[in-house]
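Chemist: Dropping a structure here in structure tokens format, bear with me for questions.
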Amino acid sequence: MKGTYLGEFEEIVLLAVAVLAGDAYGAAITNEIEQQMGRSVNLGAVHAALHRLEEKSLLSSRMGGATAERGGRSKRLFTITMAGTKALDNIREIRNRMWENIPRPA
Amino acid sequence: MNNKNNSSPPKWPNRLLRIFCAPHLVEELEGDLEELYFQRVKAGDVGHARWRYAVDVLSMIRPFAFKKEKSRYPKTYPYQPAMIRNYFKIALRNMWKNKAFTFVNLTGLVVGITACLLILQYVSFELSFDQFHKGSDRIYRVTNDRFQQGKLIQHGTITYPTIGKTMAKDYNEVEDYTTISNPGTFKLQKDRKIFEEKGVYADNHFLSFFTFPLLAGDAKTALKAPHSMVISESSAQTVFHASPDDYSNLIGQSIKLDLDTEPYQITGVMKDFPATSHLQYNVLMSYETLVVTWGDWVNTSWDGSDMWHYLKLKPGTDAANLERKFPAFSQHYFKGDKVSGSMEKFHLQPLNKAHLFSDYEYEIGKVNSGKAVWTMLIIAAFILLIAWINYINLSTARSLERAKEVGVRKVAGATKAQLIWQFLSESVLLNFMALALAVALALLMQPVLNQLIEKPLSFSLLTGQGYGGSTMALALGAIFIFGILLSGFYPAFALSAFQAISVLKGSFKRSAKGVWVRQSLVVFQYTASMVLIVGTFIVFKQLQFMRNESLGFNMEQMLVVRGPELTHWDSTGIDRINGFKTELRRYPSVAAAASSGNVFGNRLSRNFNIKRLGSNDQKGVTFSRMPVDLDFFETYKIKMLAGRDFLPTDSNPDGRKVKNVVLNLSAAKLLGFQTAEEAAGQKFLLFGKEWEIVGIVSDFHQQSLKHAIEPIVFAPFYSMGGFFSVKVASKDMQATVDLVRQKYEEFFPGNQFDYFFMDQKFNEQYKDDRIFGQVSSFFSLLAVMIASLGIFGLSSYTIAQRTKEIGVRKVLGATVSSIVTLLSQDFLKLVLIAIVIGSPIAWYGVKQWLDDFAYKIDIEWWMFVLAGLLAVVIAFATVSSQAIKAALTNPAKSLKSE
């Protein structure tokens, strides 16, 4: 099943990583989702989703620069892989197709 | 950020995070947490920020956070065959290198395991009694306690003939019952030859109730008709010289038994009873025969008792529930003490208790002391533990030698787990070698042990045919494997924990860590040794006491001949018996001769409800009885306290006319007389008849010192079924025996001449105790030896460690004796602690054992001191030999190196 299915929250996290393009790490992604969706999100949930997505090879990560606001600790920066982009495209295509298939009221 | 109004995030969630989170994730997670925290603080609400911080941490308790980081280096598979082969190779080389150590280690283990195996065989044999019967857990024996005026007067396995069948009829819970009676030695006569066989009268249920299979004949009917007899395979062979093919031909053959005029018909041949049966008989006679010879009362009586009853309960019956119905049973059939003269209480004794845990009078079978068996089991456990502790101590003490090896292995990349496996495999190897040797040794020693304790032990326990079946064999295997692993674990962990740096730097010293473990193990070993030494000592003291205690009668040089049972009793009986005695006395080699109905050492029968004449006391008393003739007291040198000995006129061929008796002092006192003189000439009532007390004799131990002195009434009855006691004056015993035999055959032709020596027969009562003493002391000695072996190895090692220290001390002027004291001190301290711990345990143990004896030695403090001293001496001897050797070494030699 791995890599074949994206949960709703996973999809949102994946989108957030794509939006943040190159500067996606735990705290930033959390902020992005909270702002975009207007709801509060647990950091743990975000990290869990990130780990799952990385296991599905939709994301890749590397350790990145530290900043003062995090007490000098380095962050893990996530980038979306080709497979990740493809997965997002795929979902979007399906949704578009389904939208178009909704019968319009006459 | 530089917010002044804020504090740092809360501490505890961070601590929690570090506990559950994999180390490689902590940094990024903490970073994210802190970044978000400060952003939220900046947004305004500190409290909210702190709250979210905690919630975020808690939300991280998820599988992703627990996962360990993948190693960047390829992992070696720890169980590679090559590596395991190498472990064993190194182990063998190490054992070979330290031959002396290996020897001590191996010897301790082999001896310990062998002893343990042998004892377990014995325990298994004893515990497996009567388990071979189908449904043995549902079989119970009915026991009967009798009370007169609230006092227990008989605690027996015998009871009234009607009990078994009435209980089977009254209670639904009873599936079947069987009744047996009149067990004894019977004389089978075939072709003018006499064969003595142990036998019993058993009812028709017996062969189907118990699992004693027939080889020929029909189990359902074999014991139905009067004068039927079933014989065992071995008696078929000795009496009829039958081979297995002939057994069916034996059915219907007739054979004479004792004095019975009617011959018995063989109706069956049964397999010999297994050695683990508490009932041991070679012949079974039908119970119906007793109806013919003894009368109908053996089926119907509620007051004459000589029967043993066994009940088999239906599956799922609670025996305790059934027992609760027995008081009503007694009330209904015995109406208080109206029917039998005493209050009757009945109990159910599980069949598996009949051999080991039975303290009843009139015991029918072989009874052994359950305590002795448990003691042996405890000794076995002690020995095994001591042996394993030795192993632990010796291997850890040796660890220094191998510290360098551990260091090099670690530097070369060995993990701790690998080292643990290595040392564990070493101990497994050594232990299995020991186990294999021990099994072989035990097999070799089994016949010797069997001869010593006179029991047919086998290795059935290990093959799953002994007590507890294959479960027990598996459990035993599990215990051994568990022990082997456990004894290997401690050394393995101690060795693998060495730090490579400190070991290889060269200044590695024995750490004090772990010393207390070894010391407490030594203390345990010596505590166990102390308990065993005290136990052995007291067992021997008690045995010695019983052998040397004055019994109150003289049984030296006493030849006892069985009475001429096959001669019919008639009016000339008394004259013939007296004639035989007179004839014997004519010879100078015979000092005295007497006849009696029983001999000492045997259980005496009892008379109940004896009342003193002239007293208003309603209550009767109970005496043991013993028929003796007028020469008896003189022959056994029993002191007459008051009154006179029997006269010829006291006896009469017609037993009903006898009315004069002699009592022992206990009996006189029980009747209420203060002194012997007071009792002489008085009378008492028994069987509705007046008896005159013509004399009083002093008390004596009529049975072993396990039994109390009983009140006894002696009556001048004669019978052919008793015993002749012949006091031999000559040194030439064989000639005298031949003389007595010749006269016996002249006077009582057709009888078998059977004799024994009174002292041997009497001391046979102590046989079980003697064997117990021998066996337990042997194994205790082994345990102490193994413990010494351990302390020997340990001390030799610690002393070797201190060679330099000793050298320096000697250079500075220490004497040999001061060095020996110094080196022995450590160990003696441990032994002293062990003595302090062991003494109360030993005291409790021996007290339990001594409780079985009516007459026993006191446990005194000096016994413990002596045992303690012995322990100290043993320990000192083992340690000091090493210490002296070390102290005598030339310091120039020990200081030269390095």
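Going through the structure tokens in order, the chains are called A, B, and so on, while each chain numbers its residues from 1 and the ligands are numbered from 1 in the order shown.
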Would you mind listing, for every residue of chain B within 10 Å of chain A, the two atoms forming the shortest contact and the distance between them in Å to one decimal, using only C-alpha atoms, sorted by chain and ascending residue number, as JSON lines?

Modeler:
{"residue": "B:Met1", "atom": "CA", "partner": "A:Glu69", "partner_atom": "CA", "distance": 5.9}
{"residue": "B:Asn2", "atom": "CA", "partner": "A:Glu69", "partner_atom": "CA", "distance": 9.6}
{"residue": "B:Leu25", "atom": "CA", "partner": "A:Arg76", "partner_atom": "CA", "distance": 9.6}
{"residue": "B:Val26", "atom": "CA", "partner": "A:Arg73", "partner_atom": "CA", "distance": 9.9}
{"residue": "B:Glu27", "atom": "CA", "partner": "A:Arg73", "partner_atom": "CA", "distance": 6.2}
{"residue": "B:Glu28", "atom": "CA", "partner": "A:Lys75", "partner_atom": "CA", "distance": 5.1}
{"residue": "B:Leu29", "atom": "CA", "partner": "A:Gly26", "partner_atom": "CA", "distance": 7.8}
{"residue": "B:Glu30", "atom": "CA", "partner": "A:Arg73", "partner_atom": "CA", "distance": 7.7}
{"residue": "B:Gly31", "atom": "CA", "partner": "A:Arg70", "partner_atom": "CA", "distance": 4.7}
{"residue": "B:Asp32", "atom": "CA", "partner": "A:Ala27", "partner_atom": "CA", "distance": 4.9}
{"residue": "B:Leu33", "atom": "CA", "partner": "A:Ala27", "partner_atom": "CA", "distance": 7.2}
{"residue": "B:Glu34", "atom": "CA", "partner": "A:Arg70", "partner_atom": "CA", "distance": 5.4}
{"residue": "B:Glu35", "atom": "CA", "partner": "A:Arg70", "partner_atom": "CA", "distance": 4.7}
{"residue": "B:Leu36", "atom": "CA", "partner": "A:Ala27", "partner_atom": "CA", "distance": 6.0}
{"residue": "B:Tyr37", "atom": "CA", "partner": "A:Arg70", "partner_atom": "CA", "distance": 9.2}
{"residue": "B:Phe38", "atom": "CA", "partner": "A:Glu69", "partner_atom": "CA", "distance": 7.3}
{"residue": "B:Gln39", "atom": "CA", "partner": "A:Glu69", "partner_atom": "CA", "distance": 8.7}
{"residue": "B:Arg52", "atom": "CA", "partner": "A:Asn42", "partner_atom": "CA", "distance": 8.2}
{"residue": "B:Tyr53", "atom": "CA", "partner": "A:Leu43", "partner_atom": "CA", "distance": 9.0}
{"residue": "B:Val55", "atom": "CA", "partner": "A:Asn42", "partner_atom": "CA", "distance": 7.4}
{"residue": "B:Asp56", "atom": "CA", "partner": "A:Leu43", "partner_atom": "CA", "distance": 5.3}
{"residue": "B:Val57", "atom": "CA", "partner": "A:Gly44", "partner_atom": "CA", "distance": 6.9}
{"residue": "B:Leu58", "atom": "CA", "partner": "A:Gly44", "partner_atom": "CA", "distance": 7.7}
{"residue": "B:Ser59", "atom": "CA", "partner": "A:Gly44", "partner_atom": "CA", "distance": 4.7}
{"residue": "B:Met60", "atom": "CA", "partner": "A:Gly44", "partner_atom": "CA", "distance": 4.1}
{"residue": "B:Ile61", "atom": "CA", "partner": "A:Gly44", "partner_atom": "CA", "distance": 7.6}
{"residue": "B:Arg62", "atom": "CA", "partner": "A:Ala48", "partner_atom": "CA", "distance": 7.4}
{"residue": "B:Pro63", "atom": "CA", "partner": "A:Ala48", "partner_atom": "CA", "distance": 8.2}
{"residue": "B:Phe64", "atom": "CA", "partner": "A:Ala48", "partner_atom": "CA", "distance": 6.1}
{"residue": "B:Ala65", "atom": "CA", "partner": "A:Ala48", "partner_atom": "CA", "distance": 8.1}

Chemist: When you look at Asn14 of chain B with a cut-off of 9 Å (counting only C-alpha atoms), what residues show up, excluding the ones that are within fewer than 3 positions of it in the same chain? I need them as a PyMOL selection string.

Modeler: chain B and resi 9-11+17-19+30+54+57

Chemist: Let's have the selection written as a compact mmCIF listing (two decimals), in the first residue's frame, with N, CA and C atoms.

Modeler:
# COMPACT_ATOMS: atom_id res chain seq x y z
N PRO B 9 10.83 28.12 27.36
CA PRO B 9 9.73 27.13 27.37
C PRO B 9 9.78 26.23 28.60
N PRO B 10 8.67 25.60 28.93
CA PRO B 10 8.65 24.72 30.12
C PRO B 10 9.68 23.59 29.98
N LYS B 11 10.22 23.17 31.13
CA LYS B 11 11.32 22.18 31.10
C LYS B 11 10.84 20.73 30.94
N LEU B 17 10.60 14.40 26.30
CA LEU B 17 10.97 14.17 24.90
C LEU B 17 12.26 13.35 24.83
N ARG B 18 13.22 13.73 25.66
CA ARG B 18 14.51 13.04 25.62
C ARG B 18 14.39 11.59 26.07
N ILE B 19 13.36 11.34 26.87
CA ILE B 19 13.19 9.96 27.34
C ILE B 19 12.71 9.06 26.21
N GLU B 30 13.42 19.57 18.90
CA GLU B 30 13.55 20.65 19.89
C GLU B 30 13.62 22.00 19.20
N ALA B 54 3.58 22.04 25.30
CA ALA B 54 3.40 20.74 25.96
C ALA B 54 2.59 19.81 25.08
N VAL B 57 4.67 18.39 22.33
CA VAL B 57 5.57 17.30 22.76
C VAL B 57 4.79 16.01 22.92

Chemist: Write out as a count of residues only the set of residues from segment 174-342 of chain B that DSSP, computed on the backbone, places in strand (DSSP E).

Modeler: 58

Chemist: Could you please determine the separation between atom CA of Gly601 of chain B and atom CA of Ile709 of chain B in Å, to one decimal place?

Modeler: 11.7 Å

Chemist: Set the distance at 9 Å and use only C-alpha atoms: which residues neighbour Thr81 of chain A once local chain neighbours fewer than 5 positions away are removed? I'd like the list as a ChimeraX atom specification.

Modeler: /A:57-60,86

Chemist: Write out as number ranges by chain which residues come within 10 Å of Val19 of chain A when counting only C-alpha atoms, dropping same-chain ones fewer than 6 positions away.

Modeler: A: 13, 29, 32, 80

Chemist: Quote the spacing between atom CA of Asn90 of chain A and atom CA of Ser61 of chain A in Å to one decimal place.

Modeler: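 Between atom CA of Asn90 of chain A and atom CA of Ser61 of chain A the gap is 22.4 Å.
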
Chemist: Quick one: distance from atom CA of Phe714 of chain B to atom CA of Gly597 of chain B in Å, one decimal?

Modeler: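 Going from atom CA of Phe714 of chain B over to atom CA of Gly597 of chain B, I get 10.0 Å.
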
Chemist: For Leu188 of chain B, find every residue with an atom within 9 Å (counting only C-alpha atoms), except residues of its own chain fewer than 5 positions away, and show them as a PDB file with all heavy atoms, in the first residue's frame.

Modeler:
ATOM      1  N   LYS B 193       7.035 -79.775  50.663  1.00  0.00           N
ATOM      2  CA  LYS B 193       7.914 -78.640  50.886  1.00  0.00           C
ATOM      3  C   LYS B 193       7.069 -77.465  51.365  1.00  0.00           C
ATOM      4  O   LYS B 193       5.900 -77.352  51.031  1.00  0.00           O
ATOM      5  CB  LYS B 193       8.624 -78.235  49.584  1.00  0.00           C
ATOM      6  CG  LYS B 193       9.905 -78.993  49.329  1.00  0.00           C
ATOM      7  CD  LYS B 193      10.857 -78.105  48.529  1.00  0.00           C
ATOM      8  CE  LYS B 193      11.910 -78.922  47.824  1.00  0.00           C
ATOM      9  NZ  LYS B 193      11.777 -78.823  46.366  1.00  0.00           N
ATOM     10  N   ILE B 194       7.703 -76.610  52.190  1.00  0.00           N
ATOM     11  CA  ILE B 194       6.966 -75.461  52.711  1.00  0.00           C
ATOM     12  C   ILE B 194       7.537 -74.186  52.106  1.00  0.00           C
ATOM     13  O   ILE B 194       8.750 -73.981  52.109  1.00  0.00           O
ATOM     14  CB  ILE B 194       7.069 -75.404  54.247  1.00  0.00           C
ATOM     15  CG1 ILE B 194       6.454 -76.663  54.838  1.00  0.00           C
ATOM     16  CG2 ILE B 194       6.384 -74.159  54.782  1.00  0.00           C
ATOM     17  CD1 ILE B 194       6.783 -76.857  56.292  1.00  0.00           C
ATOM     18  N   PHE B 195       6.654 -73.357  51.573  1.00  0.00           N
ATOM     19  CA  PHE B 195       7.079 -72.071  51.018  1.00  0.00           C
ATOM     20  C   PHE B 195       6.397 -70.965  51.815  1.00  0.00           C
ATOM     21  O   PHE B 195       5.181 -70.960  51.945  1.00  0.00           O
ATOM     22  CB  PHE B 195       6.679 -71.957  49.553  1.00  0.00           C
ATOM     23  CG  PHE B 195       7.265 -73.042  48.693  1.00  0.00           C
ATOM     24  CD1 PHE B 195       6.561 -74.221  48.477  1.00  0.00           C
ATOM     25  CD2 PHE B 195       8.508 -72.877  48.114  1.00  0.00           C
ATOM     26  CE1 PHE B 195       7.102 -75.220  47.701  1.00  0.00           C
ATOM     27  CE2 PHE B 195       9.047 -73.875  47.329  1.00  0.00           C
ATOM     28  CZ  PHE B 195       8.354 -75.058  47.115  1.00  0.00           C
ATOM     29  N   GLU B 196       7.191 -70.057  52.316  1.00  0.00           N
ATOM     30  CA  GLU B 196       6.601 -68.934  53.044  1.00  0.00           C
ATOM     31  C   GLU B 196       6.366 -67.780  52.089  1.00  0.00           C
ATOM     32  O   GLU B 196       7.297 -67.332  51.422  1.00  0.00           O
ATOM     33  CB  GLU B 196       7.526 -68.501  54.178  1.00  0.00           C
ATOM     34  CG  GLU B 196       7.548 -69.505  55.300  1.00  0.00           C
ATOM     35  CD  GLU B 196       7.983 -68.890  56.608  1.00  0.00           C
ATOM     36  OE1 GLU B 196       8.619 -67.826  56.564  1.00  0.00           O
ATOM     37  OE2 GLU B 196       7.679 -69.483  57.652  1.00  0.00           O
ATOM     38  N   GLU B 197       5.136 -67.347  52.031  1.00  0.00           N
ATOM     39  CA  GLU B 197       4.816 -66.239  51.123  1.00  0.00           C
ATOM     40  C   GLU B 197       3.983 -65.203  51.866  1.00  0.00           C
ATOM     41  O   GLU B 197       3.146 -65.548  52.699  1.00  0.00           O
ATOM     42  CB  GLU B 197       3.998 -66.747  49.918  1.00  0.00           C
ATOM     43  CG  GLU B 197       4.714 -67.755  49.047  1.00  0.00           C
ATOM     44  CD  GLU B 197       5.800 -67.155  48.183  1.00  0.00           C
ATOM     45  OE1 GLU B 197       6.094 -65.949  48.324  1.00  0.00           O
ATOM     46  OE2 GLU B 197       6.378 -67.906  47.364  1.00  0.00           O
ATOM     47  N   VAL B 239       7.113 -71.948  43.669  1.00  0.00           N
ATOM     48  CA  VAL B 239       6.335 -73.042  44.241  1.00  0.00           C
ATOM     49  C   VAL B 239       6.072 -74.132  43.198  1.00  0.00           C
ATOM     50  O   VAL B 239       6.242 -75.318  43.465  1.00  0.00           O
ATOM     51  CB  VAL B 239       5.002 -72.519  44.825  1.00  0.00           C
ATOM     52  CG1 VAL B 239       4.190 -73.667  45.403  1.00  0.00           C
ATOM     53  CG2 VAL B 239       5.268 -71.468  45.887  1.00  0.00           C
ATOM     54  N   ILE B 255      -3.596 -76.466  46.633  1.00  0.00           N
ATOM     55  CA  ILE B 255      -2.412 -76.292  47.455  1.00  0.00           C
ATOM     56  C   ILE B 255      -2.866 -76.133  48.888  1.00  0.00           C
ATOM     57  O   ILE B 255      -3.952 -75.585  49.163  1.00  0.00           O
ATOM     58  CB  ILE B 255      -1.601 -75.071  46.969  1.00  0.00           C
ATOM     59  CG1 ILE B 255      -0.235 -75.032  47.643  1.00  0.00           C
ATOM     60  CG2 ILE B 255      -2.354 -73.774  47.201  1.00  0.00           C
ATOM     61  CD1 ILE B 255       0.733 -74.118  46.947  1.00  0.00           C
ATOM     62  N   LYS B 256      -2.040 -76.622  49.835  1.00  0.00           N
ATOM     63  CA  LYS B 256      -2.418 -76.505  51.250  1.00  0.00           C
ATOM     64  C   LYS B 256      -1.810 -75.239  51.835  1.00  0.00           C
ATOM     65  O   LYS B 256      -0.712 -74.817  51.458  1.00  0.00           O
ATOM     66  CB  LYS B 256      -1.948 -77.725  52.037  1.00  0.00           C
ATOM     67  CG  LYS B 256      -2.908 -78.883  51.944  1.00  0.00           C
ATOM     68  CD  LYS B 256      -2.723 -79.847  53.119  1.00  0.00           C
ATOM     69  CE  LYS B 256      -3.286 -79.254  54.389  1.00  0.00           C
ATOM     70  NZ  LYS B 256      -3.138 -80.159  55.548  1.00  0.00           N
ATOM     71  N   LEU B 257      -2.545 -74.640  52.775  1.00  0.00           N
ATOM     72  CA  LEU B 257      -2.091 -73.390  53.364  1.00  0.00           C
ATOM     73  C   LEU B 257      -2.170 -73.509  54.878  1.00  0.00           C
ATOM     74  O   LEU B 257      -3.251 -73.813  55.418  1.00  0.00           O
ATOM     75  CB  LEU B 257      -2.979 -72.247  52.879  1.00  0.00           C
ATOM     76  CG  LEU B 257      -2.543 -70.860  53.327  1.00  0.00           C
ATOM     77  CD1 LEU B 257      -1.556 -70.291  52.336  1.00  0.00           C
ATOM     78  CD2 LEU B 257      -3.730 -69.931  53.459  1.00  0.00           C
ATOM     79  N   ASP B 258      -1.064 -73.261  55.564  1.00  0.00           N
ATOM     80  CA  ASP B 258      -1.031 -73.314  57.030  1.00  0.00           C
ATOM     81  C   ASP B 258      -1.720 -74.572  57.550  1.00  0.00           C
ATOM     82  O   ASP B 258      -1.466 -75.654  57.079  1.00  0.00           O
ATOM     83  CB  ASP B 258      -1.675 -72.055  57.616  1.00  0.00           C
ATOM     84  CG  ASP B 258      -0.774 -70.850  57.454  1.00  0.00           C
ATOM     85  OD1 ASP B 258       0.392 -71.037  57.055  1.00  0.00           O
ATOM     86  OD2 ASP B 258      -1.251 -69.733  57.705  1.00  0.00           O
TER      87      ASP B 258
END
